[in-house]
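Printed here is final_1.txt (compact mmCIF, N, CA and C atoms):
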# COMPACT_ATOMS: atom_id res chain seq x y z
N MET A 1 115.39 -20.51 -59.96
CA MET A 1 116.53 -21.35 -60.30
C MET A 1 116.19 -22.27 -61.47
N LEU A 2 114.99 -22.83 -61.42
CA LEU A 2 114.57 -23.74 -62.48
C LEU A 2 114.45 -23.00 -63.82
N GLN A 3 113.96 -21.75 -63.76
CA GLN A 3 113.84 -20.97 -64.99
C GLN A 3 115.21 -20.68 -65.59
N ARG A 4 116.18 -20.45 -64.75
CA ARG A 4 117.53 -20.18 -65.24
C ARG A 4 118.10 -21.40 -65.95
N ILE A 5 117.87 -22.59 -65.38
CA ILE A 5 118.35 -23.82 -66.01
C ILE A 5 117.67 -24.03 -67.36
N ILE A 6 116.36 -23.71 -67.42
CA ILE A 6 115.62 -23.87 -68.69
C ILE A 6 116.16 -22.91 -69.74
N ARG A 7 116.48 -21.66 -69.34
CA ARG A 7 117.05 -20.70 -70.30
C ARG A 7 118.41 -21.15 -70.81
N ILE A 8 119.25 -21.71 -69.91
CA ILE A 8 120.58 -22.18 -70.33
C ILE A 8 120.42 -23.36 -71.29
N ALA A 9 119.50 -24.26 -70.99
CA ALA A 9 119.27 -25.41 -71.87
C ALA A 9 118.73 -24.97 -73.21
N ALA A 10 117.88 -23.92 -73.23
CA ALA A 10 117.33 -23.43 -74.49
C ALA A 10 118.42 -22.81 -75.36
N ARG A 11 119.37 -22.13 -74.74
CA ARG A 11 120.48 -21.55 -75.50
C ARG A 11 121.38 -22.63 -76.09
N ARG A 12 121.52 -23.72 -75.39
CA ARG A 12 122.42 -24.78 -75.86
C ARG A 12 121.77 -25.64 -76.93
N GLU A 13 120.45 -25.59 -77.06
CA GLU A 13 119.78 -26.41 -78.08
C GLU A 13 120.19 -25.98 -79.48
N SER A 14 120.56 -24.73 -79.65
CA SER A 14 120.97 -24.27 -80.98
C SER A 14 122.28 -24.94 -81.40
N GLY A 15 123.10 -25.40 -80.45
CA GLY A 15 124.36 -26.06 -80.76
C GLY A 15 124.24 -27.58 -80.75
N ALA A 16 123.03 -28.09 -80.82
CA ALA A 16 122.81 -29.54 -80.74
C ALA A 16 123.48 -30.31 -81.88
N PRO A 17 123.48 -29.80 -83.13
CA PRO A 17 124.16 -30.57 -84.19
C PRO A 17 125.66 -30.73 -83.92
N TRP A 18 126.28 -29.70 -83.33
CA TRP A 18 127.70 -29.81 -83.02
C TRP A 18 127.93 -30.85 -81.92
N SER A 19 126.98 -30.94 -81.00
CA SER A 19 127.10 -31.95 -79.95
C SER A 19 127.03 -33.35 -80.54
N ALA A 20 126.14 -33.53 -81.51
CA ALA A 20 126.03 -34.84 -82.15
C ALA A 20 127.30 -35.18 -82.92
N VAL A 21 127.88 -34.20 -83.57
CA VAL A 21 129.13 -34.44 -84.31
C VAL A 21 130.25 -34.78 -83.34
N LEU A 22 130.30 -34.05 -82.22
CA LEU A 22 131.33 -34.30 -81.23
C LEU A 22 131.19 -35.70 -80.62
N VAL A 23 129.97 -36.11 -80.34
CA VAL A 23 129.74 -37.46 -79.81
C VAL A 23 130.13 -38.51 -80.85
N GLY A 24 129.83 -38.27 -82.11
CA GLY A 24 130.19 -39.21 -83.17
C GLY A 24 131.69 -39.35 -83.33
N ILE A 25 132.40 -38.24 -83.29
CA ILE A 25 133.87 -38.28 -83.42
C ILE A 25 134.48 -38.99 -82.22
N THR A 26 133.98 -38.69 -81.03
CA THR A 26 134.50 -39.33 -79.82
C THR A 26 134.26 -40.83 -79.86
N THR A 27 133.09 -41.24 -80.30
CA THR A 27 132.78 -42.67 -80.40
C THR A 27 133.68 -43.35 -81.41
N ALA A 28 133.88 -42.73 -82.57
CA ALA A 28 134.73 -43.32 -83.60
C ALA A 28 136.17 -43.47 -83.11
N LEU A 29 136.69 -42.44 -82.44
CA LEU A 29 138.06 -42.52 -81.94
C LEU A 29 138.20 -43.57 -80.84
N SER A 30 137.21 -43.66 -79.97
CA SER A 30 137.32 -44.64 -78.90
C SER A 30 137.25 -46.06 -79.44
N LEU A 31 136.54 -46.27 -80.54
CA LEU A 31 136.48 -47.61 -81.14
C LEU A 31 137.74 -47.92 -81.95
N ALA A 32 138.36 -46.88 -82.50
CA ALA A 32 139.53 -47.10 -83.35
C ALA A 32 140.82 -47.28 -82.55
N LEU A 33 140.90 -46.68 -81.38
CA LEU A 33 142.13 -46.76 -80.59
C LEU A 33 142.19 -48.08 -79.82
N PRO A 34 143.38 -48.63 -79.65
CA PRO A 34 143.49 -49.87 -78.87
C PRO A 34 143.19 -49.62 -77.40
N ARG A 35 142.71 -50.64 -76.75
CA ARG A 35 142.38 -50.52 -75.34
C ARG A 35 143.44 -51.25 -74.51
N PRO A 36 144.38 -50.54 -73.93
CA PRO A 36 145.42 -51.19 -73.15
C PRO A 36 144.88 -51.82 -71.86
N VAL A 37 143.72 -51.38 -71.40
CA VAL A 37 143.16 -51.94 -70.18
C VAL A 37 142.78 -53.39 -70.39
N LEU A 38 142.32 -53.73 -71.57
CA LEU A 38 141.90 -55.10 -71.84
C LEU A 38 143.08 -56.06 -71.96
N ALA A 39 144.27 -55.52 -72.15
CA ALA A 39 145.44 -56.38 -72.29
C ALA A 39 145.99 -56.84 -70.95
N GLN A 40 145.52 -56.25 -69.86
CA GLN A 40 146.04 -56.61 -68.55
C GLN A 40 145.32 -57.84 -68.02
N ALA A 41 145.88 -58.43 -66.99
CA ALA A 41 145.28 -59.60 -66.37
C ALA A 41 144.06 -59.17 -65.55
N SER A 42 143.14 -60.08 -65.42
CA SER A 42 141.93 -59.81 -64.67
C SER A 42 142.25 -59.73 -63.18
N PRO A 43 141.83 -58.66 -62.50
CA PRO A 43 142.10 -58.58 -61.06
C PRO A 43 141.34 -59.65 -60.28
N PHE A 44 140.15 -60.04 -60.78
CA PHE A 44 139.41 -61.10 -60.10
C PHE A 44 140.15 -62.42 -60.19
N LEU A 45 140.68 -62.71 -61.38
CA LEU A 45 141.40 -63.96 -61.56
C LEU A 45 142.67 -63.98 -60.72
N THR A 46 143.37 -62.87 -60.64
CA THR A 46 144.57 -62.79 -59.81
C THR A 46 144.23 -62.99 -58.34
N GLY A 47 143.17 -62.34 -57.88
CA GLY A 47 142.75 -62.50 -56.50
C GLY A 47 142.27 -63.90 -56.19
N ALA A 48 141.54 -64.50 -57.14
CA ALA A 48 141.04 -65.86 -56.93
C ALA A 48 142.19 -66.86 -56.88
N THR A 49 143.21 -66.66 -57.71
CA THR A 49 144.36 -67.55 -57.70
C THR A 49 145.13 -67.43 -56.38
N ALA A 50 145.29 -66.21 -55.90
CA ALA A 50 145.99 -66.00 -54.62
C ALA A 50 145.19 -66.62 -53.47
N LEU A 51 143.87 -66.46 -53.50
CA LEU A 51 143.02 -67.04 -52.46
C LEU A 51 143.10 -68.56 -52.49
N GLU A 52 143.08 -69.13 -53.68
CA GLU A 52 143.18 -70.59 -53.82
C GLU A 52 144.50 -71.11 -53.26
N SER A 53 145.59 -70.45 -53.57
CA SER A 53 146.89 -70.92 -53.08
C SER A 53 146.99 -70.76 -51.55
N ASN A 54 146.40 -69.69 -51.01
CA ASN A 54 146.41 -69.52 -49.55
C ASN A 54 145.57 -70.59 -48.86
N ILE A 55 144.42 -70.89 -49.41
CA ILE A 55 143.57 -71.92 -48.82
C ILE A 55 144.26 -73.28 -48.86
N LEU A 56 144.89 -73.60 -49.98
CA LEU A 56 145.58 -74.88 -50.08
C LEU A 56 146.78 -74.94 -49.13
N ALA A 57 147.45 -73.81 -48.93
CA ALA A 57 148.57 -73.78 -47.98
C ALA A 57 148.09 -74.04 -46.56
N TRP A 58 146.94 -73.53 -46.19
CA TRP A 58 146.38 -73.79 -44.87
C TRP A 58 145.81 -75.19 -44.76
N LEU A 59 145.22 -75.65 -45.85
CA LEU A 59 144.50 -76.92 -45.81
C LEU A 59 145.42 -78.13 -45.80
N THR A 60 146.61 -78.02 -46.34
CA THR A 60 147.52 -79.17 -46.40
C THR A 60 147.87 -79.71 -45.02
N PRO A 61 148.35 -78.90 -44.08
CA PRO A 61 148.64 -79.47 -42.76
C PRO A 61 147.38 -79.92 -42.02
N ILE A 62 146.26 -79.22 -42.24
CA ILE A 62 145.01 -79.63 -41.58
C ILE A 62 144.58 -81.00 -42.08
N ALA A 63 144.70 -81.24 -43.39
CA ALA A 63 144.32 -82.55 -43.93
C ALA A 63 145.24 -83.65 -43.40
N ILE A 64 146.52 -83.36 -43.26
CA ILE A 64 147.47 -84.36 -42.73
C ILE A 64 147.12 -84.69 -41.28
N ILE A 65 146.84 -83.66 -40.48
CA ILE A 65 146.46 -83.89 -39.09
C ILE A 65 145.14 -84.66 -39.01
N LEU A 66 144.20 -84.34 -39.87
CA LEU A 66 142.92 -85.04 -39.90
C LEU A 66 143.09 -86.52 -40.19
N VAL A 67 143.93 -86.84 -41.16
CA VAL A 67 144.17 -88.25 -41.48
C VAL A 67 144.85 -88.95 -40.30
N MET A 68 145.77 -88.26 -39.63
CA MET A 68 146.42 -88.86 -38.46
C MET A 68 145.41 -89.11 -37.34
N VAL A 69 144.51 -88.15 -37.09
CA VAL A 69 143.49 -88.33 -36.05
C VAL A 69 142.54 -89.46 -36.42
N LEU A 70 142.15 -89.54 -37.67
CA LEU A 70 141.26 -90.63 -38.09
C LEU A 70 141.95 -91.98 -37.95
N GLY A 71 143.24 -92.04 -38.24
CA GLY A 71 143.99 -93.29 -38.04
C GLY A 71 144.06 -93.68 -36.58
N GLY A 72 144.29 -92.70 -35.70
CA GLY A 72 144.32 -92.98 -34.27
C GLY A 72 142.97 -93.44 -33.75
N MET A 73 141.91 -92.82 -34.26
CA MET A 73 140.57 -93.23 -33.84
C MET A 73 140.24 -94.63 -34.35
N ALA A 74 140.72 -94.96 -35.55
CA ALA A 74 140.48 -96.30 -36.08
C ALA A 74 141.24 -97.34 -35.27
N MET A 75 142.46 -97.00 -34.83
CA MET A 75 143.23 -97.93 -34.01
C MET A 75 142.56 -98.16 -32.66
N ALA A 76 141.87 -97.17 -32.15
CA ALA A 76 141.19 -97.29 -30.86
C ALA A 76 139.75 -97.80 -31.02
N SER A 77 139.36 -98.14 -32.23
CA SER A 77 137.99 -98.62 -32.53
C SER A 77 136.93 -97.60 -32.13
N ARG A 78 137.20 -96.33 -32.34
CA ARG A 78 136.25 -95.26 -32.01
C ARG A 78 135.85 -94.48 -33.27
N LEU A 79 135.99 -95.08 -34.43
CA LEU A 79 135.78 -94.37 -35.68
C LEU A 79 134.45 -94.75 -36.30
N SER A 80 133.66 -93.75 -36.64
CA SER A 80 132.44 -93.97 -37.43
C SER A 80 132.83 -93.84 -38.90
N TRP A 81 132.32 -94.73 -39.73
CA TRP A 81 132.68 -94.69 -41.14
C TRP A 81 132.15 -93.44 -41.83
N GLY A 82 131.13 -92.84 -41.28
CA GLY A 82 130.63 -91.57 -41.84
C GLY A 82 131.68 -90.47 -41.75
N TRP A 83 132.41 -90.43 -40.61
CA TRP A 83 133.48 -89.46 -40.46
C TRP A 83 134.58 -89.71 -41.49
N CYS A 84 134.91 -90.95 -41.69
CA CYS A 84 135.99 -91.31 -42.61
C CYS A 84 135.61 -90.94 -44.05
N ILE A 85 134.38 -91.29 -44.45
CA ILE A 85 133.92 -90.97 -45.81
C ILE A 85 133.82 -89.45 -45.99
N GLY A 86 133.32 -88.75 -44.97
CA GLY A 86 133.25 -87.29 -45.04
C GLY A 86 134.60 -86.64 -45.17
N ALA A 87 135.59 -87.16 -44.43
CA ALA A 87 136.95 -86.61 -44.52
C ALA A 87 137.55 -86.84 -45.90
N ILE A 88 137.35 -88.05 -46.43
CA ILE A 88 137.89 -88.36 -47.76
C ILE A 88 137.26 -87.47 -48.82
N LEU A 89 135.93 -87.31 -48.77
CA LEU A 89 135.25 -86.45 -49.75
C LEU A 89 135.68 -84.98 -49.60
N GLY A 90 135.82 -84.53 -48.35
CA GLY A 90 136.25 -83.15 -48.13
C GLY A 90 137.64 -82.87 -48.66
N ILE A 91 138.55 -83.79 -48.41
CA ILE A 91 139.91 -83.63 -48.92
C ILE A 91 139.94 -83.68 -50.45
N ALA A 92 139.16 -84.59 -51.02
CA ALA A 92 139.11 -84.70 -52.49
C ALA A 92 138.54 -83.43 -53.12
N ILE A 93 137.51 -82.87 -52.52
CA ILE A 93 136.91 -81.65 -53.08
C ILE A 93 137.85 -80.47 -52.90
N ALA A 94 138.47 -80.37 -51.72
CA ALA A 94 139.34 -79.23 -51.45
C ALA A 94 140.56 -79.20 -52.37
N PHE A 95 141.20 -80.34 -52.55
CA PHE A 95 142.41 -80.36 -53.37
C PHE A 95 142.12 -80.57 -54.85
N GLY A 96 140.92 -81.01 -55.18
CA GLY A 96 140.57 -81.22 -56.59
C GLY A 96 139.71 -80.12 -57.15
N ALA A 97 139.54 -79.01 -56.39
CA ALA A 97 138.66 -77.92 -56.83
C ALA A 97 139.03 -77.34 -58.20
N PRO A 98 140.30 -77.07 -58.49
CA PRO A 98 140.61 -76.53 -59.83
C PRO A 98 140.22 -77.49 -60.96
N GLN A 99 140.44 -78.77 -60.75
CA GLN A 99 140.07 -79.74 -61.78
C GLN A 99 138.55 -79.85 -61.90
N ILE A 100 137.85 -79.77 -60.77
CA ILE A 100 136.39 -79.85 -60.81
C ILE A 100 135.82 -78.63 -61.54
N VAL A 101 136.36 -77.45 -61.27
CA VAL A 101 135.89 -76.24 -61.95
C VAL A 101 136.16 -76.32 -63.44
N THR A 102 137.33 -76.80 -63.82
CA THR A 102 137.66 -76.95 -65.25
C THR A 102 136.72 -77.94 -65.90
N TRP A 103 136.40 -79.04 -65.23
CA TRP A 103 135.51 -80.05 -65.78
C TRP A 103 134.10 -79.48 -65.97
N VAL A 104 133.59 -78.73 -64.97
CA VAL A 104 132.24 -78.17 -65.06
C VAL A 104 132.19 -77.09 -66.15
N ARG A 105 133.23 -76.26 -66.23
CA ARG A 105 133.26 -75.25 -67.29
C ARG A 105 133.30 -75.89 -68.67
N GLY A 106 134.03 -76.98 -68.80
CA GLY A 106 134.09 -77.70 -70.07
C GLY A 106 132.75 -78.32 -70.44
N MET A 107 132.00 -78.77 -69.43
CA MET A 107 130.69 -79.35 -69.69
C MET A 107 129.73 -78.33 -70.28
N PHE A 108 129.80 -77.10 -69.78
CA PHE A 108 128.87 -76.07 -70.24
C PHE A 108 129.47 -75.17 -71.31
N GLY A 109 130.67 -75.46 -71.75
CA GLY A 109 131.29 -74.71 -72.84
C GLY A 109 131.65 -73.27 -72.48
N VAL A 110 132.04 -73.07 -71.22
CA VAL A 110 132.38 -71.69 -70.79
C VAL A 110 133.87 -71.53 -70.84
Any chance you could give the structure as structure tokens?
Amino acid sequence: MLQRIIRIAARRESGAPWSAVLVGITTALSLALPRPVLAQASPFLTGATALESNILAWLTPIAIILVMVLGGMAMASRLSWGWCIGAILGIAIAFGAPQIVTWVRGMFGV
């Protein structure tokens, strides 16, 4: 079997210049023609935007309930300030994520 493959490859070596010409023409045409695929939106960006909107839709009522629970705990004098600071930071990070990402990307010039 291996000898047969070697014989076929040896026969095709005589046509090697035509293969190089064919590869050159194909490369030139692929560089000259417009790429419609690049004009479309990024599927990652579309998916990330949908995920972000879904997370924010779920997080909005959870954050409201969390603030209500923290208020009730504060009224009952059962609140640790660590919980309150953690909740405030969590809500700020969750709802400010797009602005934080834009700020970090701007810092690094991306």
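Note that the spacing between atom N of Ile88 in chain A and atom C of Phe108 in chain A amounts to 29.1 Å.
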> With only N, CA and C atoms as the atoms that count, which of A:Trp81, A:Pro98, A:Ala87, A:Gly47 lies nearest to Leu66 in chain A?
Replying inline: A:Ala87
> Between A:Ala50, A:Cys84, A:Leu45, A:Val110, which has the minimum distance to Val69 in chain A (counting only C-alpha atoms)?
Replying inline: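 Distance minimum relative to Val69 in chain A lands on A:Cys84.
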>> What's the separation between CA of Leu70 in chain A and CA of Ala94 in chain A, in Å to one decimal place?
In response: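 Computing it gives 17.7 Å between the two atoms.
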Output range 46-76 of chain A from the block with C-alpha atoms, as a CSV table (one decimal), in the first residue's frame?
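The file below, part.csv, is the result:
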chain,number,residue,atom,x,y,z
A,46,THR,CA,-24.1,39.0,20.0
A,47,GLY,CA,-24.1,36.1,22.6
A,48,ALA,CA,-22.3,38.2,25.2
A,49,THR,CA,-24.8,41.1,24.8
A,50,ALA,CA,-27.8,38.6,25.1
A,51,LEU,CA,-26.1,37.0,28.2
A,52,GLU,CA,-25.6,40.5,29.8
A,53,SER,CA,-29.2,41.5,29.3
A,54,ASN,CA,-30.4,38.2,30.7
A,55,ILE,CA,-28.2,38.5,33.8
A,56,LEU,CA,-29.4,42.1,34.4
A,57,ALA,CA,-33.0,41.1,34.0
A,58,TRP,CA,-32.6,38.4,36.7
A,59,LEU,CA,-30.4,40.6,38.9
A,60,THR,CA,-32.7,43.6,39.1
A,61,PRO,CA,-35.4,42.0,41.2
A,62,ILE,CA,-32.8,40.1,43.3
A,63,ALA,CA,-31.0,43.4,44.0
A,64,ILE,CA,-34.3,45.1,45.0
A,65,ILE,CA,-35.2,42.2,47.4
A,66,LEU,CA,-31.6,42.3,48.8
A,67,VAL,CA,-31.9,46.0,49.6
A,68,MET,CA,-35.3,45.3,51.3
A,69,VAL,CA,-33.9,42.5,53.4
A,70,LEU,CA,-30.9,44.6,54.4
A,71,GLY,CA,-33.3,47.4,55.4
A,72,GLY,CA,-35.4,45.0,57.5
A,73,MET,CA,-32.3,43.7,59.2
A,74,ALA,CA,-31.1,47.2,59.9
A,75,MET,CA,-34.4,48.0,61.5
A,76,ALA,CA,-34.1,45.0,63.7
